[in-house]
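So this one's query33.txt, compact mmCIF, C-alpha atoms (C1' of nucleotides):
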```txt
# COMPACT_ATOMS: atom_id res chain seq x y z
CA MET A 287 0.00 0.00 0.00
CA SER A 288 1.37 3.42 -0.86
CA SER A 289 2.87 4.86 2.28
CA TRP A 290 1.16 8.22 1.92
CA ALA A 291 -2.25 6.61 1.81
CA ILE A 292 -4.21 7.35 4.94
CA ASP A 293 -4.19 4.42 7.20
CA TYR A 294 -7.26 4.49 9.42
CA ASP A 295 -9.46 1.60 10.38
CA PRO A 296 -11.95 1.35 7.56
CA ALA A 297 -14.59 -0.25 9.77
CA LYS A 298 -15.07 3.00 11.68
CA CYS A 299 -15.40 5.24 8.66
CA ASN A 300 -18.37 7.55 8.80
CA ILE A 301 -18.94 7.21 5.10
CA ALA A 302 -19.70 3.56 5.68
CA ALA A 303 -21.93 4.54 8.59
CA ALA A 304 -23.79 7.03 6.43
CA LEU A 305 -24.14 4.51 3.64
CA SER A 306 -25.56 1.90 5.97
CA ILE A 307 -28.49 4.28 6.38
CA VAL A 308 -28.85 5.91 2.97
CA GLY A 309 -26.78 3.67 0.71
CA GLU A 310 -29.52 1.61 -0.83
CA LYS A 311 -30.69 1.91 -4.36
CA TRP A 312 -34.03 3.63 -3.80
CA THR A 313 -33.32 5.52 -0.62
CA PHE A 314 -31.77 8.55 -2.30
CA LEU A 315 -34.61 8.78 -4.77
CA VAL A 316 -37.11 8.73 -1.92
CA LEU A 317 -35.18 11.51 -0.19
CA ARG A 318 -34.97 13.49 -3.41
CA GLU A 319 -38.73 13.41 -3.66
CA ALA A 320 -39.03 14.32 0.00
CA PHE A 321 -36.89 17.41 -0.67
CA ASN A 322 -39.14 18.17 -3.63
CA GLY A 323 -42.11 18.25 -1.32
CA ILE A 324 -43.53 14.80 -1.96
CA ARG A 325 -44.98 13.32 1.18
CA ARG A 326 -47.42 10.57 0.25
CA PHE A 327 -46.95 6.96 -0.57
CA ASP A 328 -48.58 6.85 -3.97
CA ASP A 329 -46.90 10.03 -5.16
CA MET A 330 -43.55 8.63 -4.08
CA GLN A 331 -44.29 5.38 -5.83
CA ARG A 332 -45.31 7.05 -9.08
CA ARG A 333 -42.35 9.44 -9.14
CA THR A 334 -39.55 7.17 -8.06
CA GLY A 335 -40.80 4.06 -9.83
CA ALA A 336 -39.80 1.97 -6.84
CA PRO A 337 -41.77 -1.23 -6.33
CA ARG A 338 -44.41 -0.68 -3.68
CA GLN A 339 -42.90 -3.27 -1.38
CA VAL A 340 -39.47 -1.70 -1.56
CA LEU A 341 -40.89 1.77 -1.07
CA SER A 342 -42.77 0.53 1.98
CA ASN A 343 -39.57 -0.97 3.40
CA ARG A 344 -37.48 2.10 2.69
CA LEU A 345 -39.98 4.54 4.17
CA SER A 346 -40.21 2.42 7.29
CA ARG A 347 -36.46 2.24 7.62
CA LEU A 348 -36.06 5.96 7.06
CA VAL A 349 -38.61 6.56 9.81
CA ASP A 350 -36.80 4.10 12.09
CA ASP A 351 -33.50 5.83 11.41
CA GLY A 352 -35.01 9.23 12.13
CA LEU A 353 -34.68 10.79 8.67
CA LEU A 354 -38.42 10.92 8.08
CA ARG A 355 -41.33 11.09 10.46
CA ARG A 356 -44.88 9.95 9.91
CA MET A 357 -47.51 12.66 10.28
CA PRO A 358 -51.24 12.00 10.26
CA TYR A 359 -53.26 14.03 7.80
CA ARG A 360 -56.78 13.92 6.51
CA GLU A 361 -58.27 14.87 3.18
CA PRO A 362 -61.96 15.86 3.26
CA GLY A 363 -64.11 12.82 2.68
CA GLN A 364 -61.23 10.43 3.31
CA ARG A 365 -60.05 8.46 6.25
CA PRO A 366 -56.98 9.65 8.15
CA ARG A 367 -53.68 8.67 6.54
CA SER A 368 -49.98 9.13 7.11
CA GLU A 369 -47.55 11.27 5.25
CA TYR A 370 -43.79 11.34 5.48
CA ARG A 371 -41.82 14.47 6.30
CA LEU A 372 -38.13 15.14 6.62
CA THR A 373 -36.72 15.56 10.09
CA GLU A 374 -33.73 17.78 10.81
CA LYS A 375 -31.52 14.73 10.44
CA GLY A 376 -33.04 14.13 7.03
CA LEU A 377 -32.77 17.79 6.05
CA ASP A 378 -29.07 17.64 6.90
CA LEU A 379 -28.63 15.27 3.97
CA PHE A 380 -29.39 18.11 1.60
CA PRO A 381 -25.74 18.78 0.70
CA VAL A 382 -25.41 15.17 -0.40
CA ILE A 383 -28.41 15.54 -2.68
CA VAL A 384 -27.07 18.82 -4.06
CA ALA A 385 -23.63 17.33 -4.64
CA LEU A 386 -25.08 14.34 -6.46
CA MET A 387 -27.30 16.53 -8.58
CA THR A 388 -24.44 18.85 -9.46
CA TRP A 389 -22.33 15.91 -10.53
CA GLY A 390 -25.20 14.44 -12.53
CA ASP A 391 -25.78 17.81 -14.22
CA LYS A 392 -22.14 17.97 -15.26
CA HIS A 393 -21.49 14.38 -16.24
CA ALA A 394 -24.77 12.65 -16.98
CA SER A 395 -27.00 15.40 -18.29
CA GLU A 396 -29.08 15.56 -21.42
CA PRO A 397 -27.99 18.25 -23.87
CA ALA A 398 -31.13 20.25 -23.03
CA GLY A 399 -29.62 21.05 -19.64
CA PRO A 400 -30.56 20.19 -16.08
CA PRO A 401 -34.23 19.39 -15.41
CA VAL A 402 -34.11 21.06 -12.00
CA VAL A 403 -32.20 24.05 -10.73
CA LEU A 404 -31.93 25.11 -7.11
CA THR A 405 -32.53 28.71 -6.18
CA HIS A 406 -32.17 30.76 -3.03
CA ARG A 407 -35.65 31.24 -1.62
CA ASP A 408 -34.94 34.85 -0.64
CA CYS A 409 -33.03 36.23 -3.64
CA GLY A 410 -33.77 33.72 -6.41
CA ALA A 411 -30.11 33.20 -7.34
CA HIS A 412 -28.76 29.77 -8.16
CA VAL A 413 -27.49 27.71 -5.27
CA GLU A 414 -24.19 25.84 -5.34
CA LEU A 415 -21.90 23.93 -3.05
CA GLU A 416 -18.47 25.35 -2.42
CA LEU A 417 -15.52 23.53 -0.94
CA ILE A 418 -13.79 25.94 1.45
CA CYS A 419 -11.35 25.74 4.30
CA VAL A 420 -12.11 27.47 7.55
CA ASP A 421 -9.39 30.05 6.79
CA GLY A 422 -11.59 31.17 3.93
CA HIS A 423 -9.74 29.74 0.94
CA VAL A 424 -11.88 28.31 -1.85
CA LEU A 425 -10.70 24.90 -3.00
CA ASN A 426 -11.41 24.06 -6.58
CA SER A 427 -10.30 20.45 -6.60
CA ALA A 428 -10.06 17.35 -4.50
CA ARG A 429 -6.32 17.50 -5.17
CA ASN A 430 -6.02 20.41 -2.75
CA VAL A 431 -7.44 18.37 0.10
CA THR A 432 -5.39 16.14 2.39
CA PRO A 433 -7.21 13.59 4.54
CA LYS A 434 -5.74 13.19 8.02
CA PRO A 435 -6.57 10.94 10.95
CA GLY A 436 -9.13 12.61 13.22
CA PRO A 437 -9.76 12.24 16.96
CA GLY A 438 -11.63 8.97 16.43
CA ALA A 439 -8.97 7.39 14.23
CA ARG A 440 -7.49 3.98 14.89
CA ARG A 441 -4.47 2.66 13.07
CA VAL A 442 -4.90 -0.44 11.01
CA ALA A 443 -3.34 -3.46 12.70
CA MET B 248 -49.92 15.88 -4.93
CA SER B 249 -49.26 19.18 -3.17
CA SER B 250 -49.48 21.92 -5.74
CA TRP B 251 -46.21 23.55 -4.74
CA ALA B 252 -44.27 20.32 -5.23
CA ILE B 253 -42.00 20.51 -8.22
CA ASP B 254 -43.51 18.69 -11.10
CA TYR B 255 -40.78 17.56 -13.47
CA ASP B 256 -40.45 14.23 -15.20
CA PRO B 257 -38.68 12.06 -12.68
CA ALA B 258 -37.21 9.81 -15.34
CA LYS B 259 -34.91 12.60 -16.48
CA CYS B 260 -33.64 13.52 -13.07
CA ASN B 261 -29.88 13.79 -12.87
CA ILE B 262 -29.84 12.36 -9.39
CA ALA B 263 -31.19 9.15 -10.85
CA ALA B 264 -28.58 9.37 -13.60
CA ALA B 265 -25.82 9.85 -11.07
CA LEU B 266 -27.12 7.01 -8.93
CA SER B 267 -27.21 4.66 -11.89
CA ILE B 268 -23.43 5.05 -11.94
CA VAL B 269 -22.50 5.40 -8.27
CA GLY B 270 -25.62 4.20 -6.47
CA GLU B 271 -24.56 0.70 -5.60
CA LYS B 272 -23.63 -0.49 -2.17
CA TRP B 273 -19.86 -0.81 -2.57
CA THR B 274 -19.22 1.84 -5.18
CA PHE B 275 -18.95 4.72 -2.75
CA LEU B 276 -16.60 2.79 -0.53
CA VAL B 277 -14.38 2.02 -3.50
CA LEU B 278 -14.34 5.70 -4.41
CA ARG B 279 -13.61 6.68 -0.82
CA GLU B 280 -10.54 4.48 -0.89
CA ALA B 281 -9.56 5.90 -4.25
CA PHE B 282 -9.68 9.39 -2.75
CA ASN B 283 -7.57 8.09 0.12
CA GLY B 284 -4.91 7.05 -2.34
CA ILE B 285 -5.67 3.35 -2.60
CA ARG B 286 -5.09 2.09 -6.10
CA ARG B 287 -4.64 -1.67 -6.01
CA PHE B 288 -7.10 -4.48 -5.99
CA ASP B 289 -6.02 -6.27 -2.85
CA ASP B 290 -5.70 -3.05 -0.84
CA MET B 291 -9.18 -2.08 -1.93
CA GLN B 292 -10.47 -5.51 -1.02
CA ARG B 293 -8.89 -5.45 2.42
CA ARG B 294 -10.02 -1.96 3.25
CA THR B 295 -13.54 -1.99 1.91
CA GLY B 296 -14.30 -5.58 2.84
CA ALA B 297 -16.16 -6.03 -0.43
CA PRO B 298 -16.24 -9.58 -1.78
CA ARG B 299 -13.61 -9.95 -4.49
CA GLN B 300 -16.17 -10.67 -7.14
CA VAL B 301 -18.19 -7.58 -6.30
CA LEU B 302 -15.05 -5.46 -6.15
CA SER B 303 -14.00 -6.74 -9.54
CA ASN B 304 -17.40 -5.90 -10.99
CA ARG B 305 -17.48 -2.43 -9.45
CA LEU B 306 -13.97 -1.51 -10.55
CA SER B 307 -14.76 -2.64 -14.09
CA ARG B 308 -17.94 -0.65 -14.14
CA LEU B 309 -16.23 2.43 -12.74
CA VAL B 310 -13.62 2.12 -15.49
CA ASP B 311 -16.33 1.67 -18.13
CA ASP B 312 -18.15 4.73 -16.83
CA GLY B 313 -14.97 6.79 -16.88
CA LEU B 314 -14.61 7.43 -13.14
CA LEU B 315 -11.46 5.35 -12.83
CA ARG B 316 -8.80 4.43 -15.33
CA ARG B 317 -6.54 1.41 -15.34
CA MET B 318 -2.84 2.23 -15.29
CA PRO B 319 -0.11 -0.36 -15.72
CA TYR B 320 2.53 -0.44 -13.02
CA ARG B 321 5.31 -2.76 -12.09
CA GLU B 322 6.91 -3.62 -8.79
CA PRO B 323 10.52 -4.82 -9.00
CA GLY B 324 10.61 -8.60 -9.30
CA GLN B 325 6.93 -8.76 -10.18
CA ARG B 326 5.02 -9.01 -13.41
CA PRO B 327 3.20 -5.90 -14.69
CA ARG B 328 -0.17 -5.26 -13.08
CA SER B 329 -2.93 -2.70 -13.22
CA GLU B 330 -3.87 -0.07 -10.73
CA TYR B 331 -6.92 2.15 -10.62
CA ARG B 332 -6.77 5.91 -10.56
CA LEU B 333 -9.44 8.55 -10.43
CA THR B 334 -10.17 10.47 -13.59
CA GLU B 335 -11.37 14.07 -13.57
CA LYS B 336 -14.91 12.74 -13.76
CA GLY B 337 -14.21 10.66 -10.68
CA LEU B 338 -12.48 13.52 -8.87
CA ASP B 339 -15.57 15.62 -9.46
CA LEU B 340 -17.45 13.29 -7.12
CA PHE B 341 -15.40 14.61 -4.22
CA PRO B 342 -18.12 16.93 -2.94
CA VAL B 343 -20.47 13.96 -2.68
CA ILE B 344 -17.94 12.09 -0.58
CA VAL B 345 -17.35 15.13 1.60
CA ALA B 346 -21.07 15.70 2.06
CA LEU B 347 -21.64 12.08 3.03
CA MET B 348 -18.74 12.13 5.44
CA THR B 349 -19.91 15.37 7.02
CA TRP B 350 -23.35 13.93 7.54
CA GLY B 351 -21.91 10.72 8.95
CA ASP B 352 -19.70 12.70 11.32
CA LYS B 353 -22.72 14.59 12.62
CA HIS B 354 -25.30 11.83 12.79
CA ALA B 355 -23.57 8.46 12.87
CA SER B 356 -20.30 9.16 14.62
CA GLU B 357 -18.70 7.41 17.53
CA PRO B 358 -18.28 9.60 20.62
CA ALA B 359 -14.51 9.68 20.04
CA GLY B 360 -15.09 11.95 17.05
CA PRO B 361 -14.53 11.57 13.32
CA PRO B 362 -11.87 9.06 12.25
CA VAL B 363 -10.81 11.24 9.34
CA VAL B 364 -10.66 14.99 8.92
CA LEU B 365 -10.07 16.82 5.67
CA THR B 366 -7.51 19.59 5.56
CA HIS B 367 -6.45 22.18 3.02
CA ARG B 368 -3.19 20.97 1.50
CA ASP B 369 -1.74 24.48 1.44
CA CYS B 370 -2.77 25.93 4.80
CA GLY B 371 -3.73 22.87 6.85
CA ALA B 372 -7.13 24.25 7.90
CA HIS B 373 -10.21 22.05 8.00
CA VAL B 374 -12.19 21.76 4.81
CA GLU B 375 -15.97 22.04 4.66
CA LEU B 376 -18.76 22.30 2.16
CA GLU B 377 -20.81 25.46 2.13
CA LEU B 378 -24.15 25.97 0.48
CA ILE B 379 -24.11 29.39 -1.16
CA CYS B 380 -26.04 31.26 -3.80
CA VAL B 381 -24.20 32.97 -6.61
CA ASP B 382 -25.12 36.36 -5.09
CA GLY B 383 -22.88 35.41 -2.21
CA HIS B 384 -25.42 34.57 0.50
CA VAL B 385 -24.62 31.62 2.72
CA LEU B 386 -27.57 29.26 3.12
CA ASN B 387 -27.68 27.37 6.36
CA SER B 388 -30.61 25.08 5.63
CA ALA B 389 -32.35 23.18 2.88
CA ARG B 390 -35.44 25.20 3.83
CA ASN B 391 -33.91 28.26 2.18
CA VAL B 392 -33.65 26.51 -1.17
CA THR B 393 -36.42 26.38 -3.75
CA PRO B 394 -36.16 23.83 -6.56
CA LYS B 395 -37.36 25.11 -9.94
CA PRO B 396 -37.71 23.52 -13.36
CA GLY B 397 -34.52 23.97 -15.36
CA PRO B 398 -33.91 24.19 -19.11
CA GLY B 399 -34.18 20.43 -19.50
CA ALA B 400 -37.43 20.10 -17.55
CA ARG B 401 -40.46 18.30 -18.87
CA ARG B 402 -43.83 18.46 -17.18
CA VAL B 403 -45.30 15.26 -15.96
CA ALA B 404 -48.14 14.09 -18.20
C1' DC C 54 12.73 -26.94 -15.62
C1' DT C 55 9.79 -27.41 -12.14
C1' DT C 56 8.18 -25.67 -8.06
C1' DG C 57 6.55 -22.01 -5.35
C1' DC C 58 5.13 -17.10 -4.64
C1' DT C 59 2.12 -13.16 -5.41
C1' DA C 60 -1.49 -9.93 -7.21
C1' DA C 61 -5.39 -10.03 -9.47
C1' DG C 62 -8.78 -11.84 -10.55
C1' DT C 63 -12.71 -15.99 -11.82
C1' DC C 64 -15.79 -20.00 -10.50
C1' DT C 65 -19.36 -22.28 -7.70
C1' DG C 66 -22.98 -23.04 -4.75
C1' DT C 67 -25.91 -20.77 -1.48
C1' DC C 68 -28.81 -17.41 0.18
C1' DA C 69 -30.75 -12.73 0.66
C1' DA C 70 -32.87 -9.02 -1.81
C1' DG C 71 -35.31 -6.87 -5.50
C1' DT C 72 -39.27 -7.09 -8.66
C1' DA C 73 -44.01 -7.32 -10.92
C1' DG C 74 -48.48 -7.88 -10.30
C1' DA C 75 -52.36 -9.42 -7.74
C1' DC C 76 -54.51 -8.98 -3.62
C1' DC C 77 -56.00 -6.96 0.88
C1' DT C 78 -57.78 -3.29 4.25
C1' DA C 79 -59.85 0.59 6.40
C1' DG C 80 -62.65 4.37 6.47
C1' DC C 81 -65.78 7.26 3.68
C1' DC C 82 -69.64 8.01 0.46
C1' DT C 83 -73.90 6.86 -1.90
C1' DA D 132 -74.63 -3.13 1.16
C1' DG D 133 -71.52 -2.03 -2.30
C1' DG D 134 -67.98 0.59 -4.36
C1' DC D 135 -63.99 3.94 -4.11
C1' DT D 136 -59.33 5.09 -2.72
C1' DA D 137 -54.73 5.45 -0.42
C1' DG D 138 -51.74 2.74 1.49
C1' DG D 139 -50.13 -0.92 1.95
C1' DT D 140 -49.16 -6.79 2.02
C1' DC D 141 -48.66 -11.46 -0.38
C1' DT D 142 -46.76 -14.66 -3.78
C1' DA D 143 -43.78 -16.35 -7.06
C1' DC D 144 -39.84 -15.32 -9.80
C1' DT D 145 -35.35 -13.47 -10.84
C1' DT D 146 -31.33 -11.02 -9.87
C1' DG D 147 -27.52 -9.98 -7.21
C1' DA D 148 -24.51 -10.55 -3.01
C1' DC D 149 -21.58 -13.50 -0.61
C1' DA D 150 -17.75 -16.80 1.14
C1' DG D 151 -14.39 -19.60 -0.05
C1' DA D 152 -11.85 -22.24 -3.27
C1' DC D 153 -9.68 -22.12 -7.53
C1' DT D 154 -7.02 -20.04 -11.67
C1' DT D 155 -3.64 -17.30 -14.12
C1' DA D 156 0.59 -14.98 -15.41
C1' DG D 157 5.05 -13.63 -14.67
C1' DC D 158 9.17 -13.84 -11.63
C1' DA D 159 12.64 -16.17 -8.89
C1' DA D 160 14.92 -19.72 -6.19
C1' DG D 161 16.43 -24.46 -6.14
```

Mind turning the file's structure into structure tokens?
Amino acid sequence: MSSWAIDYDPAKCNIAAALSIVGEKWTFLVLREAFNGIRRFDDMQRRTGAPRQVLSNRLSRLVDDGLLRRMPYREPGQRPRSEYRLTEKGLDLFPVIVALMTWGDKHASEPAGPPVVLTHRDCGAHVELELICVDGHVLNSARNVTPKPGPGARRVA
Amino acid sequence: MSSWAIDYDPAKCNIAAALSIVGEKWTFLVLREAFNGIRRFDDMQRRTGAPRQVLSNRLSRLVDDGLLRRMPYREPGQRPRSEYRLTEKGLDLFPVIVALMTWGDKHASEPAGPPVVLTHRDCGAHVELELICVDGHVLNSARNVTPKPGPGARRVA
DNA sequence: CTTGCTAAGTCTGTCAAGTAGACCTAGCCT
DNA sequence: AGGCTAGGTCTACTTGACAGACTTAGCAAG
């Protein structure tokens, strides 16, 4: 292994931890729809295309993991039902969604351009993610970033 | 469906496009190791824990999709072998990795703290992702972002 | 020259997960 | 009572993950 490669214990990596919650095929699409304001089972099913069984499983797991919460609602003339809303923990995934969408726009987009753009609610300007260091420098590439062991690091045996 | 929910054709969503390339269980972990400087099959296998067959499939697909490229190398006294390096297209996924790691650090971390921290190569300061609009406002929540149909949008039938 | 070593895979059998499509279940309305 | 609808569950089939053994190609030592 190259000696400069970071040498932490892969089992404790938080990327793996994050992926154990949101790393399944349909989970991101469910969250995407949640960020787009979709809250109900059938709308989710129609828009993601996920099989109903899988959607049912994923919604339940997202509720168990605290990314969504079930809220009762009632349409006039209907029985009470549940809808799914993002919690703060779920909302915190927004940068991941934005990063994925930005990458998809650049590398997997149709020539017509992106189907969705994100705008600042207050001023209407486009929203982007910027990689910065806390000293205020803007980093334009992964090459300018050095991973280092953090406080929770353990050396590989 | 709530009337304010964005109403594009989900089939053309670039998140789905991105996920069709990087949305599988082990793919992100492979890319994480690639960003950490791991280039060789057995190192990848040991550090991700992916079954060899799956790793082989994922590396091949990542090469086919242009996120990694195979480079010949040769250790003294060994036959020539291949290693895997990130392309520009792969490097562009870095914000996704950072966003996932940040979320994992906040919501799925051990009490000891994050096992890895990212630093600016030039100044050593911590690196973060910031959600900004092009007018320069810093957005602190997904609630301040409004998705709108972009140039490639198609209304749902 | 044959035997062993290593990195990088492939093969095989088993088992879990995804999938499509039909079916079920409450309340509400007529 | 019978039908409507949203939100699921059930069944049978197919795909993919997985562990562990095996294979392959070049080098080197005996």

How many Å lie between CA of Gln339 in chain A and CA of Glu271 in chain B, rounded to one decimal? 19.2 Å

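Applying the 9 Å criterion to (4.5, -16.3, -7.1) in file coordinates and using only C-alpha atoms (C1' of nucleotides), one obtains the residues Gln325 of chain B; DG57, DC58, DT59 and DA60 of chain C; DG157, DC158 and DA159 of chain D.
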
Suppose we keep C-alpha atoms (C1' of nucleotides); can you now write the selection as a short mmCIF file (atom, residue, chain, number, x, y, z; two decimals), in the frame of the given file?
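Result went into part25.cif, see below:
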```
data_model
loop_
_atom_site.label_atom_id
_atom_site.label_comp_id
_atom_site.auth_asym_id
_atom_site.auth_seq_id
_atom_site.Cartn_x
_atom_site.Cartn_y
_atom_site.Cartn_z
CA GLN B 325 6.93 -8.76 -10.18
"C1'" DG C 57 6.55 -22.01 -5.35
"C1'" DC C 58 5.13 -17.10 -4.64
"C1'" DT C 59 2.12 -13.16 -5.41
"C1'" DA C 60 -1.49 -9.93 -7.21
"C1'" DG D 157 5.05 -13.63 -14.67
"C1'" DC D 158 9.17 -13.84 -11.63
"C1'" DA D 159 12.64 -16.17 -8.89
#
```

Considering all atoms listed in the file, can you say which of A:Ser342, A:Gln331, A:Thr432, A:Ser395 comes closest to chain D? A:Ser342

With a cut-off of 8 Å and counting all atoms listed in the file, select all residues of chain C in contact with chain B and give the selection as a CSV table (one decimal) with C-alpha atoms (C1' of nucleotides), in the frame of the given file.
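Final file, iface24.csv:
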```
chain,number,residue,atom,x,y,z
C,60,DA,C1',-1.5,-9.9,-7.2
C,61,DA,C1',-5.4,-10.0,-9.5
C,62,DG,C1',-8.8,-11.8,-10.6
C,63,DT,C1',-12.7,-16.0,-11.8
```

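Across A:Leu386, A:Val349, A:Met330, A:Leu354, the tightest approach to Phe275 in chain B is made by A:Leu386 when counting all atoms listed in the file.
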
Could you list, with a cut-off of 8 Å and counting only C-alpha atoms (C1' of nucleotides), the residues of chain D near chain A, each shown with its nearest atom pair and the distance in Å rounded to one decimal, rows sorted by chain and ascending number, as a tab-separated table?
```
residue	atom	partner	partner_atom	distance
D:DA137	C1'	A:Asp328	CA	7.2
D:DG138	C1'	A:Phe327	CA	6.7
D:DG139	C1'	A:Ser342	CA	7.5
D:DT140	C1'	A:Gln339	CA	7.9
```

Let me make sure I understand: among A:Cys299, A:Val340, A:Leu315, A:Ile307, which one has the smallest atom-to-atom distance to DA70 in chain C if we use all atoms listed in the file? A:Val340

Name the closest residue to chain B among the candidates A:Asp408, A:Ala302, A:Pro401, A:His423; distances are taken between atoms, counting all atoms listed in the file. A:Pro401

What lies within 12 Å of Ser388 in chain B using all atoms listed in the file, ignoring chain neighbours under 5 positions off, as a PyMOL selection string? (chain A and resi 321+374-381+406-407+413) or (chain B and resi 377-379+393)

Shell of 9 Å around Thr274 in chain B, all atoms listed in the file, local chain residues under 4 positions omitted, as a VMD selection string: chain B and resid 268 to 270 278 to 279 302 305 to 306 309

At what distance in Å, to one decimal, does CA of Asp351 in chain A lie from CA of Pro361 in chain B? 19.9 Å

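The coordinates place CA of Trp350 in chain B at 24.7 Å from CA of Arg293 in chain B.
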
Excluding DC141 in chain D and any residue of its chain fewer than 5 positions from it, enumerate the residues within 10 Å of it, using all atoms listed in the file, and give them as a ChimeraX atom specification. /C:75-77

Around all the atoms of range 68-77 of chain C listed in the file, draw an axis-aligned box and extend it by 4 Å on each of the six sides; I want its centre and edge lengths in Å to one decimal, as lines of an AutoDock Vina configuration file.
```
center_x = -42.4
center_y = -12.1
center_z = -5.0
size_x = 35.2
size_y = 18.5
size_z = 19.8
```

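Shortest separation to Val363 in chain B among B:Val345, B:Leu386, B:Ile285, B:Met318 occurs at residue B:Val345, atoms counted being only C-alpha atoms.
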
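Closest approach to chain B among A:Asn426, A:Ala385, A:Lys392, A:Ser346 is made by A:Ala385 (distances from all atoms listed in the file).
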